[in-house]
Amino acid sequence: MTSSGQQYTPLQIAVHLGAWFPLLRLIVEALTDDLTANPIQHIEQRTGRAAITLLFLSLAATPLNSLFGWREPIQRRRALGLYAFMYAAIHVVIFADLDYGLAWSLIAQTIFEKPYLIVGALAFILLIPLAATSFDVWKMRLKKNWKRIHSLVYFIAPLVVLHYAWGKKGDFFNFSGEVARPWAYAIVLVILMTLRISAVRRFIASIRTRVRFPFQKRTATP
Ligand code: HEM
């Protein structure tokens, strides 16, 4: 039950359980000594993937609404975004602490030597104001600027895909090496971005008036 006495919705439960699952899995693996031969890399990769997945799910909320008229994902967007930030923060802390023992000059040197880390660091820095201002009080205070700040996510998401693709062994454009997953994220990103183009949205809206999905609320007929 929520504080207002309302039931939790199935999607709300799925979002929260799904978001904690990668962390719980890592904890269980740590407790059972099952973190692979390279535990730090394993945790970095898992938390990185959880962060990008949750970020993309938050980006999918608006297209799901415009495609199917399903409004609830919009209400879950903030939780998804905050969980994405939580995993990104764990990812960065593991890198800085477990991987580099908080040796700040070595960390800075490593980041500046590897372009994929510069891109990842930029994405992380840009995520901070989004997470910090995601609450209603900031939405009211910042008014139009709130939307401006939060549209940074359309810049951050490609940066994260670039960080992912560039960090992997192989050639992204020749499709060789470990590039299948980064490609999958890149394709999903292109689809999500395309669905935001206003002409595409108008076209979908025109189709939607003719099709009714089960979760769409019926409007009362006079
Ligand atoms: C200061 C910022 C960041 C640093 C230093 C950093 C560091 C790293 C490192 C070292 C790896 C490679 C792990 C390995 O395979 O050995 C990695 C991979 C990755 N990172 Fe980051 N990262 C940062 C920001 C981010 C952010 C903001 C996201 C997502 C929102 C992210 C998502 C990922 C993903 C998806 C991977 C690939 C995981 C895989 O190989 O399956 N990173 N990062």
# chains A, B, ... in the order shown; residues from 1 in each chain; ligands from 1
call {"tool": "residues_near_ligand", "arguments": {"ligand": "ligand 1", "cutoff": "6 Å", "atoms": "only C-alpha atoms and all ligand atoms", "output": "short mmCIF file (atom, residue, chain, number, x, y, z; two decimals) with N, CA and C atoms, in the first residue's frame"}}
result
data_model
loop_
_atom_site.label_atom_id
_atom_site.label_comp_id
_atom_site.auth_asym_id
_atom_site.auth_seq_id
_atom_site.Cartn_x
_atom_site.Cartn_y
_atom_site.Cartn_z
N GLN A 41 36.29 -6.16 -12.30
CA GLN A 41 35.77 -5.95 -13.66
C GLN A 41 34.32 -6.43 -13.76
N GLU A 44 32.12 -3.89 -12.15
CA GLU A 44 32.07 -2.69 -13.01
C GLU A 44 31.14 -2.92 -14.20
N GLN A 45 31.28 -4.11 -14.80
CA GLN A 45 30.47 -4.38 -15.99
C GLN A 45 28.99 -4.52 -15.64
N GLY A 48 27.56 -1.12 -14.67
CA GLY A 48 27.47 -0.29 -15.88
C GLY A 48 26.28 -0.69 -16.72
N ARG A 49 26.08 -1.99 -16.87
CA ARG A 49 24.95 -2.47 -17.69
C ARG A 49 23.61 -2.16 -17.02
N ALA A 51 23.06 0.37 -15.09
CA ALA A 51 22.85 1.81 -15.23
C ALA A 51 22.31 2.15 -16.62
N ILE A 52 22.95 1.62 -17.65
CA ILE A 52 22.51 1.97 -19.02
C ILE A 52 21.10 1.41 -19.28
N ALA A 88 25.08 3.97 -11.71
CA ALA A 88 26.22 4.68 -12.30
C ALA A 88 27.17 5.11 -11.18
N VAL A 92 31.06 4.01 -10.65
CA VAL A 92 32.18 4.96 -10.56
C VAL A 92 32.95 4.76 -9.25
N PHE A 95 35.14 1.76 -9.54
CA PHE A 95 36.31 2.10 -10.37
C PHE A 95 37.33 2.90 -9.54
N LEU A 117 36.82 6.52 -21.26
CA LEU A 117 36.60 6.92 -19.86
C LEU A 117 36.26 8.41 -19.76
N GLY A 120 32.66 8.50 -20.51
CA GLY A 120 31.90 7.98 -19.36
C GLY A 120 31.85 9.00 -18.23
N ALA A 121 32.99 9.65 -17.98
CA ALA A 121 33.05 10.64 -16.90
C ALA A 121 32.13 11.83 -17.22
N ALA A 123 29.45 11.75 -19.10
CA ALA A 123 28.07 11.28 -18.92
C ALA A 123 27.71 11.29 -17.43
N PHE A 124 28.64 10.84 -16.60
CA PHE A 124 28.34 10.77 -15.16
C PHE A 124 28.16 12.17 -14.57
N VAL A 160 26.73 7.49 -23.21
CA VAL A 160 26.89 6.21 -22.51
C VAL A 160 27.06 5.07 -23.52
N TYR A 164 30.29 2.68 -23.84
CA TYR A 164 30.17 1.22 -23.86
C TYR A 164 30.91 0.67 -25.10
#
call {"tool": "select_by_dssp", "arguments": {"residues": "range 81-193 of chain A", "states": "strand (DSSP E)", "output": "list in words"}}
result
Gly170, Asp171, Ser176 and Gly177 of chain A
call {"tool": "write_last_selection", "arguments": {"atoms": "N, CA and C atoms", "output": "short mmCIF file (atom, residue, chain, number, x, y, z; two decimals), in the first residue's frame"}}
result
data_model
loop_
_atom_site.label_atom_id
_atom_site.label_comp_id
_atom_site.auth_asym_id
_atom_site.auth_seq_id
_atom_site.Cartn_x
_atom_site.Cartn_y
_atom_site.Cartn_z
N GLY A 170 37.41 -4.72 -29.98
CA GLY A 170 36.79 -4.99 -31.27
C GLY A 170 36.56 -3.72 -32.05
N ASP A 171 35.88 -3.89 -33.18
CA ASP A 171 35.62 -2.75 -34.06
C ASP A 171 34.11 -2.61 -34.21
N SER A 176 33.17 -6.49 -35.37
CA SER A 176 34.06 -7.57 -34.92
C SER A 176 34.37 -7.36 -33.45
N GLY A 177 34.57 -8.49 -32.74
CA GLY A 177 34.87 -8.40 -31.30
C GLY A 177 33.60 -8.36 -30.47
#
call {"tool": "closest_atom_pairs", "arguments": {"of": "range 75-174 of chain A", "to": "range 5-16 of chain A", "cutoff": "10 Å", "atoms": "only C-alpha atoms", "output": "Markdown table"}}
result
| residue | atom | partner | partner_atom | distance |
| --- | --- | --- | --- | --- |
| A:Gln75 | CA | A:Gln12 | CA | 9.0 |
| A:Arg76 | CA | A:Gln12 | CA | 6.9 |
| A:Arg77 | CA | A:Val15 | CA | 9.7 |
| A:Ala79 | CA | A:Val15 | CA | 7.9 |
| A:Leu80 | CA | A:Val15 | CA | 7.2 |
| A:Tyr83 | CA | A:His16 | CA | 8.8 |
call {"tool": "select_by_dssp", "arguments": {"residues": "range 62-183 of chain A", "states": "alpha helix (DSSP H)", "output": "count of residues only"}}
result
90
call {"tool": "atom_distance", "arguments": {"atom1": "CA of Phe175 in chain A", "atom2": "CA of Ile118 in chain A"}}
result
23.2 Å
call {"tool": "residues_around", "arguments": {"residues": "Ile40 in chain A", "least_positions_apart": "2", "cutoff": "7 Å", "atoms": "only C-alpha atoms", "output": "list in words"}}
result
Asn38, His42, Ile43, Glu44, Leu98 and Asp99 of chain A
call {"tool": "closest_residue", "arguments": {"among": "A:Ala19, A:Leu26, A:Val93, A:Leu162", "to": "Tyr116 in chain A", "atoms": "only C-alpha atoms"}}
result
A:Leu162
call {"tool": "decode", "arguments": {"residues": "range 158-194 of chain A", "atoms": "N, CA and C atoms", "output": "mmCIF file, in the first residue's frame"}}
result
data_model
loop_
_atom_site.group_PDB
_atom_site.id
_atom_site.type_symbol
_atom_site.label_atom_id
_atom_site.label_comp_id
_atom_site.auth_asym_id
_atom_site.auth_seq_id
_atom_site.Cartn_x
_atom_site.Cartn_y
_atom_site.Cartn_z
ATOM 1 N N PRO A 158 23.460 8.931 -25.691
ATOM 2 C CA PRO A 158 24.456 8.558 -26.713
ATOM 3 C C PRO A 158 25.880 8.509 -26.147
ATOM 4 N N LEU A 159 26.181 9.374 -25.172
ATOM 5 C CA LEU A 159 27.524 9.328 -24.567
ATOM 6 C C LEU A 159 27.765 7.984 -23.899
ATOM 7 N N VAL A 160 26.726 7.492 -23.213
ATOM 8 C CA VAL A 160 26.887 6.211 -22.510
ATOM 9 C C VAL A 160 27.065 5.072 -23.518
ATOM 10 N N VAL A 161 26.319 5.129 -24.621
ATOM 11 C CA VAL A 161 26.484 4.089 -25.660
ATOM 12 C C VAL A 161 27.899 4.157 -26.230
ATOM 13 N N LEU A 162 28.384 5.375 -26.431
ATOM 14 C CA LEU A 162 29.748 5.549 -26.949
ATOM 15 C C LEU A 162 30.781 4.997 -25.961
ATOM 16 N N HIS A 163 30.563 5.305 -24.670
ATOM 17 C CA HIS A 163 31.433 4.793 -23.603
ATOM 18 C C HIS A 163 31.463 3.262 -23.650
ATOM 19 N N TYR A 164 30.293 2.677 -23.835
ATOM 20 C CA TYR A 164 30.168 1.217 -23.863
ATOM 21 C C TYR A 164 30.907 0.666 -25.102
ATOM 22 N N ALA A 165 30.572 1.209 -26.280
ATOM 23 C CA ALA A 165 31.109 0.672 -27.541
ATOM 24 C C ALA A 165 32.621 0.857 -27.612
ATOM 25 N N TRP A 166 33.091 2.019 -27.198
ATOM 26 C CA TRP A 166 34.509 2.350 -27.268
ATOM 27 C C TRP A 166 35.346 1.539 -26.269
ATOM 28 N N GLY A 167 34.717 1.177 -25.154
ATOM 29 C CA GLY A 167 35.445 0.451 -24.103
ATOM 30 C C GLY A 167 35.634 -1.021 -24.423
ATOM 31 N N LYS A 168 34.896 -1.498 -25.398
ATOM 32 C CA LYS A 168 34.953 -2.927 -25.716
ATOM 33 C C LYS A 168 36.041 -3.242 -26.726
ATOM 34 N N LYS A 169 36.579 -4.455 -26.601
ATOM 35 C CA LYS A 169 37.586 -4.898 -27.577
ATOM 36 C C LYS A 169 36.849 -5.185 -28.879
ATOM 37 N N GLY A 170 37.407 -4.718 -29.977
ATOM 38 C CA GLY A 170 36.788 -4.992 -31.270
ATOM 39 C C GLY A 170 36.561 -3.723 -32.051
ATOM 40 N N ASP A 171 35.885 -3.887 -33.184
ATOM 41 C CA ASP A 171 35.624 -2.750 -34.056
ATOM 42 C C ASP A 171 34.113 -2.608 -34.209
ATOM 43 N N PHE A 172 33.595 -1.553 -33.635
ATOM 44 C CA PHE A 172 32.148 -1.346 -33.596
ATOM 45 C C PHE A 172 31.557 -1.336 -35.006
ATOM 46 N N PHE A 173 32.207 -0.587 -35.927
ATOM 47 C CA PHE A 173 31.615 -0.415 -37.256
ATOM 48 C C PHE A 173 31.824 -1.623 -38.166
ATOM 49 N N ASN A 174 32.890 -2.399 -37.906
ATOM 50 C CA ASN A 174 33.076 -3.630 -38.694
ATOM 51 C C ASN A 174 32.437 -4.848 -38.035
ATOM 52 N N PHE A 175 31.763 -4.589 -36.948
ATOM 53 C CA PHE A 175 31.060 -5.639 -36.228
ATOM 54 C C PHE A 175 31.965 -6.806 -35.844
ATOM 55 N N SER A 176 33.171 -6.491 -35.367
ATOM 56 C CA SER A 176 34.061 -7.571 -34.921
ATOM 57 C C SER A 176 34.375 -7.364 -33.449
ATOM 58 N N GLY A 177 34.567 -8.493 -32.737
ATOM 59 C CA GLY A 177 34.869 -8.399 -31.301
ATOM 60 C C GLY A 177 33.600 -8.364 -30.468
ATOM 61 N N GLU A 178 33.730 -7.705 -29.285
ATOM 62 C CA GLU A 178 32.629 -7.766 -28.302
ATOM 63 C C GLU A 178 31.642 -6.612 -28.498
ATOM 64 N N VAL A 179 31.159 -6.440 -29.707
ATOM 65 C CA VAL A 179 30.366 -5.232 -29.956
ATOM 66 C C VAL A 179 28.857 -5.493 -30.084
ATOM 67 N N ALA A 180 28.437 -6.759 -29.911
ATOM 68 C CA ALA A 180 27.012 -7.063 -30.114
ATOM 69 C C ALA A 180 26.124 -6.280 -29.143
ATOM 70 N N ARG A 181 26.497 -6.285 -27.864
ATOM 71 C CA ARG A 181 25.656 -5.591 -26.869
ATOM 72 C C ARG A 181 25.642 -4.077 -27.094
ATOM 73 N N PRO A 182 26.830 -3.449 -27.270
ATOM 74 C CA PRO A 182 26.776 -2.008 -27.545
ATOM 75 C C PRO A 182 25.932 -1.681 -28.783
ATOM 76 N N TRP A 183 25.992 -2.541 -29.812
ATOM 77 C CA TRP A 183 25.174 -2.332 -31.002
ATOM 78 C C TRP A 183 23.689 -2.396 -30.650
ATOM 79 N N ALA A 184 23.339 -3.382 -29.809
ATOM 80 C CA ALA A 184 21.925 -3.530 -29.424
ATOM 81 C C ALA A 184 21.443 -2.239 -28.741
ATOM 82 N N TYR A 185 22.266 -1.702 -27.846
ATOM 83 C CA TYR A 185 21.875 -0.459 -27.162
ATOM 84 C C TYR A 185 21.808 0.709 -28.148
ATOM 85 N N ALA A 186 22.743 0.732 -29.106
ATOM 86 C CA ALA A 186 22.747 1.827 -30.084
ATOM 87 C C ALA A 186 21.473 1.782 -30.925
ATOM 88 N N ILE A 187 21.054 0.576 -31.317
ATOM 89 C CA ILE A 187 19.836 0.447 -32.138
ATOM 90 C C ILE A 187 18.605 0.885 -31.333
ATOM 91 N N VAL A 188 18.542 0.414 -30.081
ATOM 92 C CA VAL A 188 17.400 0.811 -29.234
ATOM 93 C C VAL A 188 17.378 2.337 -29.073
ATOM 94 N N LEU A 189 18.559 2.914 -28.905
ATOM 95 C CA LEU A 189 18.626 4.377 -28.735
ATOM 96 C C LEU A 189 18.091 5.095 -29.975
ATOM 97 N N VAL A 190 18.498 4.615 -31.158
ATOM 98 C CA VAL A 190 18.030 5.250 -32.402
ATOM 99 C C VAL A 190 16.498 5.138 -32.489
ATOM 100 N N ILE A 191 15.970 3.962 -32.126
ATOM 101 C CA ILE A 191 14.505 3.789 -32.173
ATOM 102 C C ILE A 191 13.824 4.771 -31.203
ATOM 103 N N LEU A 192 14.366 4.838 -29.972
ATOM 104 C CA LEU A 192 13.743 5.723 -28.969
ATOM 105 C C LEU A 192 13.803 7.184 -29.403
ATOM 106 N N MET A 193 14.932 7.565 -29.992
ATOM 107 C CA MET A 193 15.085 8.957 -30.447
ATOM 108 C C MET A 193 14.133 9.241 -31.620
ATOM 109 N N THR A 194 14.020 8.254 -32.536
ATOM 110 C CA THR A 194 13.140 8.437 -33.694
ATOM 111 C C THR A 194 11.694 8.637 -33.240
#
